[in-house]
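These notes are about the structure you will find just below.
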Amino acid sequence: MKIQTLDKDISEQLRSCFLRIPRFQRPYSWEISHLEDFWSDTIVESDSDYFIGAIVLYTWTKGMYGIVDGQQRLTTIAMTLCALRNALSLAGFMDLADGVHNLIERRDIDNQLQYVLQTESSYPFLQEQILNRESSDEIMAADRTEERRLAQGFAYLSKKINETVKSIDANTTLSAQKKKSAIKSELVKIRDRILSLKIIVTTLETQDDAYTIFETLNARGMDLTITDLVRTLLTRLLPTTNEGVDRAKDRFHDIVQLFETSAANISTRSFLHHYWLSRHEYTTEKKLYKSIKKEVKKRDDAKEFLSSLEGDAKCYRIIHEPSFRDKWLIEENDIRDSLRALNLFQVKQQVPFVLAVMRAYEGSEIAVPLAKRALRAVESFHFIFTAITSQRSSGGISFMYAYHARELQRAKTAESRKAAIQGLVTKLREKLPPYEEFQANFRLLQCSEKFTKRKELVRYILSRFLKVDHISVSPNWEGMTIEHIANQGQTLGSGLSDAEAAEIGNLLLVSEELNTKLGSKSFAAKMKLLERQGMVDKTMSEYDEWSAEAIRERTDHMAKRAFRSIWKIK
């Protein structure tokens, strides 16, 4: 590997060659906070010859260099020059604007106009909306995350430069001529500070050298993620066969977009880790890329890896956003409801196993009953273990789920798949806390206008009771209301505290219509209405007066049913 290193300033670098951001590079990712630091460091507080770090390039073609490291800084500098060019033009300094534009676009050795900074991932947005000097009648929508960051960044830099002009214009002590002179002086000062920024340029000979250095440098950097590294690996092993088509990069970009457009809190980073755990030996997120590189070494490996990522990405989004699936058949509703419940519990350890189950189900390797049993067992476990008793999860839980995910993935027969799922179900039963601990924590469940923290969990529990009891009311809890048997907010004189009135034993899930009819009626009046709807359970029917004792008895009765029947791991 031949490496050449030179000290340069930005002016010299932009005049000496054309620069290209290669396909393996991550998209532009600087946010406003990064730009604020850049502006402060390079324009507001910098002296001449301010050093902004190392730039690593490799020979692309004669006169053209690919960027290995420094893409974010060089893109930001290019946008700053574009904003400066526009401000100079608007102020009437056309010669100065032309001079700056020559650092943005100029003719090559064949006398063809080219942008000095060229990029693939943000094409054509960067070129048409920022680098282009001619104002376009068509405003392109910034649809992708990278495009939005470019648009926001350019708007910020333009605003900072325009503020300089406006502050001089607002100075009433200056004549028009002096204002013009002061504006010119300030804009030239910004230009000179940008162009005098110092860099160390390291140049490599080949693209293979570039991939190696890219991974080495960025693996130690602060911003590069597993997403960026996997993108780089795929683009290296799956090179383009047509100059205008980059299928590997486009396909991986579609995976990233699948998560970025989701209402669920999911990321490509977490997906890649959970994907790997569901198929391969356990590894930490920190060591994930090293594990991937050991397995994905050749073109065929990369093709298979990318295809499996695409398939699992859809399952992963469905797991976290069940409504993303085109349609749930009636017999699949229990699968959907288990996924919703796990999202409500906000747990992640089970995701590799759930992903393996959904992959097998969507691939017709397991049928509805087995998929339902697997997911219901996981749901029941985390209802008791996480949602109610708030047990601290050790690494053993994550290992357990990943192990059985791999067992299911490797199973090739119906019996072996059933055995992989049964193995997990057995372990989940063994890890449950004792009933006494569950009961004590179940008693703490509350919901009222005053106690709102666990409202969605309470709604979920009441809905499941409603569904199991086969009451002729829609079990869709989103369209129903939590009813307090003893009225909330009217505890004075009832002998109940606000906390007792909020206890789950005092709660029912009813339709909005029935809730309106019940209103603030007495216990006896409510009982008559509820009896007509078949919604009076055994505990309620035993009491003529509704008291704290009755509420606690109903709470304990519900806890016993929940632990030993409704959420029993079967």
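In the structure tokens, chains take letters A, B, ... by order of appearance, with residues numbered from 1 within each chain and ligands from 1 in the order shown.
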
Original post:
What lies within 12 Å of Val296 of chain A using only C-alpha atoms, ignoring chain neighbours under 3 positions off, as a VMD selection string?
Top reply: chain A and resid 230 233 to 234 236 to 238 276 289 to 293 299 to 306

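DSSP annotation of segment 344-492 of chain A from backbone atoms: strand (DSSP E) residues are Met480, Thr481, Ile482, Glu483 and His484 of chain A.
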
Subject >> Two-atom distance - atom CA of Leu14 of chain A, atom CA of Thr212 of chain A (Å) >> reply: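 These atoms are spaced 25.1 Å apart.
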
Original post:
Can you tell me, as a ChimeraX atom specification, what residues are no more than 12 Å from Leu35 of chain A when counting only C-alpha atoms, ignoring any on the same chain fewer than 4 positions away?
Top reply: /A:29-31,39-43,72-73,75-77,79-80,149-150,152-160

Could you write out the selected residues, including C-alpha atoms, as a PDB file, in the first residue's frame?
```pdb
ATOM      1  CA  SER A  29     -25.172  13.232   8.350  1.00  0.00           C
ATOM      2  CA  TRP A  30     -24.228  16.559   9.923  1.00  0.00           C
ATOM      3  CA  GLU A  31     -26.986  18.176  11.940  1.00  0.00           C
ATOM      4  CA  TRP A  39     -19.223  28.006  11.790  1.00  0.00           C
ATOM      5  CA  SER A  40     -17.915  29.014  15.189  1.00  0.00           C
ATOM      6  CA  ASP A  41     -14.563  27.269  14.720  1.00  0.00           C
ATOM      7  CA  THR A  42     -13.847  28.276  11.121  1.00  0.00           C
ATOM      8  CA  ILE A  43     -15.482  31.700  10.724  1.00  0.00           C
ATOM      9  CA  GLN A  72     -18.730  15.583   5.896  1.00  0.00           C
ATOM     10  CA  ARG A  73     -16.257  18.478   6.148  1.00  0.00           C
ATOM     11  CA  THR A  75     -19.476  18.732   1.684  1.00  0.00           C
ATOM     12  CA  THR A  76     -20.054  21.402   4.336  1.00  0.00           C
ATOM     13  CA  ILE A  77     -17.281  23.578   2.870  1.00  0.00           C
ATOM     14  CA  MET A  79     -22.226  24.271   0.745  1.00  0.00           C
ATOM     15  CA  THR A  80     -20.655  27.243   2.545  1.00  0.00           C
ATOM     16  CA  ARG A 149     -29.943  17.291   6.234  1.00  0.00           C
ATOM     17  CA  LEU A 150     -28.376  18.864   3.150  1.00  0.00           C
ATOM     18  CA  GLN A 152     -31.287  22.158   6.485  1.00  0.00           C
ATOM     19  CA  GLY A 153     -27.518  22.580   6.447  1.00  0.00           C
ATOM     20  CA  PHE A 154     -27.533  24.810   3.384  1.00  0.00           C
ATOM     21  CA  ALA A 155     -30.376  26.886   4.843  1.00  0.00           C
ATOM     22  CA  TYR A 156     -28.399  27.338   8.075  1.00  0.00           C
ATOM     23  CA  LEU A 157     -25.181  28.377   6.308  1.00  0.00           C
ATOM     24  CA  SER A 158     -27.083  30.742   4.007  1.00  0.00           C
ATOM     25  CA  LYS A 159     -28.795  32.272   7.029  1.00  0.00           C
ATOM     26  CA  LYS A 160     -25.477  32.879   8.826  1.00  0.00           C
TER      27      LYS A 160
END
```

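Distances here use only C-alpha atoms; by that measure, the residue among A:Ile3, A:Ala377, A:Ile551, A:Leu19 closest to Glu205 of chain A is A:Ile3.
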
**OP:** Write out as a ChimeraX atom specification the residues lying within 10 Å of Asp312 of chain A, counting only C-alpha atoms and excluding same-chain residues fewer than 3 positions away.
**Re:** /A:255,271-272,274-275,306-309,315-318,355-356,358-359,362

Would you put the residues from that selection into a file with C-alpha atoms, as an mmCIF file, in the first residue's frame?
```cif
data_model
loop_
_atom_site.group_PDB
_atom_site.id
_atom_site.type_symbol
_atom_site.label_atom_id
_atom_site.label_comp_id
_atom_site.auth_asym_id
_atom_site.auth_seq_id
_atom_site.Cartn_x
_atom_site.Cartn_y
_atom_site.Cartn_z
ATOM 1 C CA ILE A 255 -33.812 -1.346 3.969
ATOM 2 C CA PHE A 271 -32.134 -4.588 13.172
ATOM 3 C CA LEU A 272 -28.682 -5.720 12.057
ATOM 4 C CA HIS A 274 -31.120 -8.728 16.106
ATOM 5 C CA TYR A 275 -30.955 -10.199 12.596
ATOM 6 C CA LEU A 306 -28.295 -8.854 1.341
ATOM 7 C CA SER A 307 -31.245 -10.995 0.221
ATOM 8 C CA SER A 308 -31.805 -12.320 3.736
ATOM 9 C CA LEU A 309 -31.554 -8.789 5.148
ATOM 10 C CA CYS A 315 -40.588 -9.016 9.341
ATOM 11 C CA TYR A 316 -38.678 -6.748 11.719
ATOM 12 C CA ARG A 317 -40.898 -3.795 10.928
ATOM 13 C CA ILE A 318 -44.037 -5.927 11.301
ATOM 14 C CA LEU A 355 -37.911 -12.505 14.389
ATOM 15 C CA ALA A 356 -37.091 -16.188 13.867
ATOM 16 C CA MET A 358 -42.121 -14.519 12.166
ATOM 17 C CA ARG A 359 -39.554 -15.460 9.513
ATOM 18 C CA GLU A 362 -44.103 -15.814 6.811
#
```

Original post:
Could you write out, as a VMD selection string, all the residues of segment 96-222 of chain A that DSSP marks as helix (DSSP H, G or I)?
Top reply: chain A and resid 96 to 101 125 to 131 145 to 169 176 to 195 207 to 219

Those selected residues, please, written with C-alpha atoms and delivered as an mmCIF file, in the first residue's frame.
```cif
data_model
loop_
_atom_site.group_PDB
_atom_site.id
_atom_site.type_symbol
_atom_site.label_atom_id
_atom_site.label_comp_id
_atom_site.auth_asym_id
_atom_site.auth_seq_id
_atom_site.Cartn_x
_atom_site.Cartn_y
_atom_site.Cartn_z
ATOM 1 C CA LEU A 96 -16.300 37.782 -6.721
ATOM 2 C CA ALA A 97 -19.255 35.409 -7.132
ATOM 3 C CA ASP A 98 -17.697 34.058 -10.348
ATOM 4 C CA GLY A 99 -14.408 33.514 -8.556
ATOM 5 C CA VAL A 100 -16.063 31.504 -5.790
ATOM 6 C CA HIS A 101 -18.120 29.513 -8.297
ATOM 7 C CA PHE A 125 -30.407 16.881 -4.957
ATOM 8 C CA LEU A 126 -27.019 18.335 -3.985
ATOM 9 C CA GLN A 127 -26.153 19.197 -7.570
ATOM 10 C CA GLU A 128 -29.482 20.737 -8.586
ATOM 11 C CA GLN A 129 -30.524 22.468 -5.374
ATOM 12 C CA ILE A 130 -27.202 23.640 -3.910
ATOM 13 C CA LEU A 131 -24.206 23.443 -6.242
ATOM 14 C CA THR A 145 -32.896 11.831 5.416
ATOM 15 C CA GLU A 146 -29.664 12.830 3.662
ATOM 16 C CA GLU A 147 -31.495 15.315 1.438
ATOM 17 C CA ARG A 148 -33.263 16.853 4.429
ATOM 18 C CA ARG A 149 -29.943 17.291 6.234
ATOM 19 C CA LEU A 150 -28.376 18.864 3.150
ATOM 20 C CA ALA A 151 -31.336 21.236 2.785
ATOM 21 C CA GLN A 152 -31.287 22.158 6.485
ATOM 22 C CA GLY A 153 -27.518 22.580 6.447
ATOM 23 C CA PHE A 154 -27.533 24.810 3.384
ATOM 24 C CA ALA A 155 -30.376 26.886 4.843
ATOM 25 C CA TYR A 156 -28.399 27.338 8.075
ATOM 26 C CA LEU A 157 -25.181 28.377 6.308
ATOM 27 C CA SER A 158 -27.083 30.742 4.007
ATOM 28 C CA LYS A 159 -28.795 32.272 7.029
ATOM 29 C CA LYS A 160 -25.477 32.879 8.826
ATOM 30 C CA ILE A 161 -23.985 34.620 5.780
ATOM 31 C CA ASN A 162 -27.147 36.617 5.124
ATOM 32 C CA GLU A 163 -27.207 37.741 8.759
ATOM 33 C CA THR A 164 -23.782 39.303 8.181
ATOM 34 C CA VAL A 165 -25.166 41.273 5.236
ATOM 35 C CA LYS A 166 -28.341 42.277 7.066
ATOM 36 C CA SER A 167 -26.471 43.529 10.137
ATOM 37 C CA ILE A 168 -24.490 45.932 7.941
ATOM 38 C CA ASP A 169 -27.596 46.972 6.009
ATOM 39 C CA ALA A 176 -25.126 53.317 0.968
ATOM 40 C CA GLN A 177 -21.614 53.294 -0.501
ATOM 41 C CA LYS A 178 -20.005 52.456 2.847
ATOM 42 C CA LYS A 179 -22.567 49.722 3.436
ATOM 43 C CA LYS A 180 -21.712 48.169 0.078
ATOM 44 C CA SER A 181 -18.005 48.371 0.847
ATOM 45 C CA ALA A 182 -18.485 46.869 4.318
ATOM 46 C CA ILE A 183 -20.608 44.023 2.922
ATOM 47 C CA LYS A 184 -17.942 43.254 0.329
ATOM 48 C CA SER A 185 -15.236 43.294 2.990
ATOM 49 C CA GLU A 186 -17.118 40.920 5.316
ATOM 50 C CA LEU A 187 -18.023 38.458 2.557
ATOM 51 C CA VAL A 188 -14.441 38.398 1.293
ATOM 52 C CA LYS A 189 -13.288 37.797 4.868
ATOM 53 C CA ILE A 190 -15.582 34.752 5.108
ATOM 54 C CA ARG A 191 -14.287 33.511 1.756
ATOM 55 C CA ASP A 192 -10.651 33.893 2.756
ATOM 56 C CA ARG A 193 -11.170 32.147 6.082
ATOM 57 C CA ILE A 194 -12.768 29.160 4.372
ATOM 58 C CA LEU A 195 -10.109 28.934 1.684
ATOM 59 C CA GLN A 207 -9.891 1.546 -4.174
ATOM 60 C CA ASP A 208 -9.020 -1.631 -2.247
ATOM 61 C CA ASP A 209 -6.622 0.434 -0.152
ATOM 62 C CA ALA A 210 -9.448 2.933 0.324
ATOM 63 C CA TYR A 211 -11.851 0.283 1.693
ATOM 64 C CA THR A 212 -9.222 -0.906 4.161
ATOM 65 C CA ILE A 213 -8.371 2.590 5.383
ATOM 66 C CA PHE A 214 -12.058 3.587 5.496
ATOM 67 C CA GLU A 215 -12.904 0.742 7.869
ATOM 68 C CA THR A 216 -9.804 1.309 9.998
ATOM 69 C CA LEU A 217 -10.273 5.060 10.362
ATOM 70 C CA ASN A 218 -14.009 5.081 10.866
ATOM 71 C CA ALA A 219 -14.203 2.092 13.180
#
```

Original post:
So which one's closest to Glu456 of chain A, A:Arg133, A:Arg340, A:His253, A:His273? Using only C-alpha atoms, please.
Top reply: A:Arg340
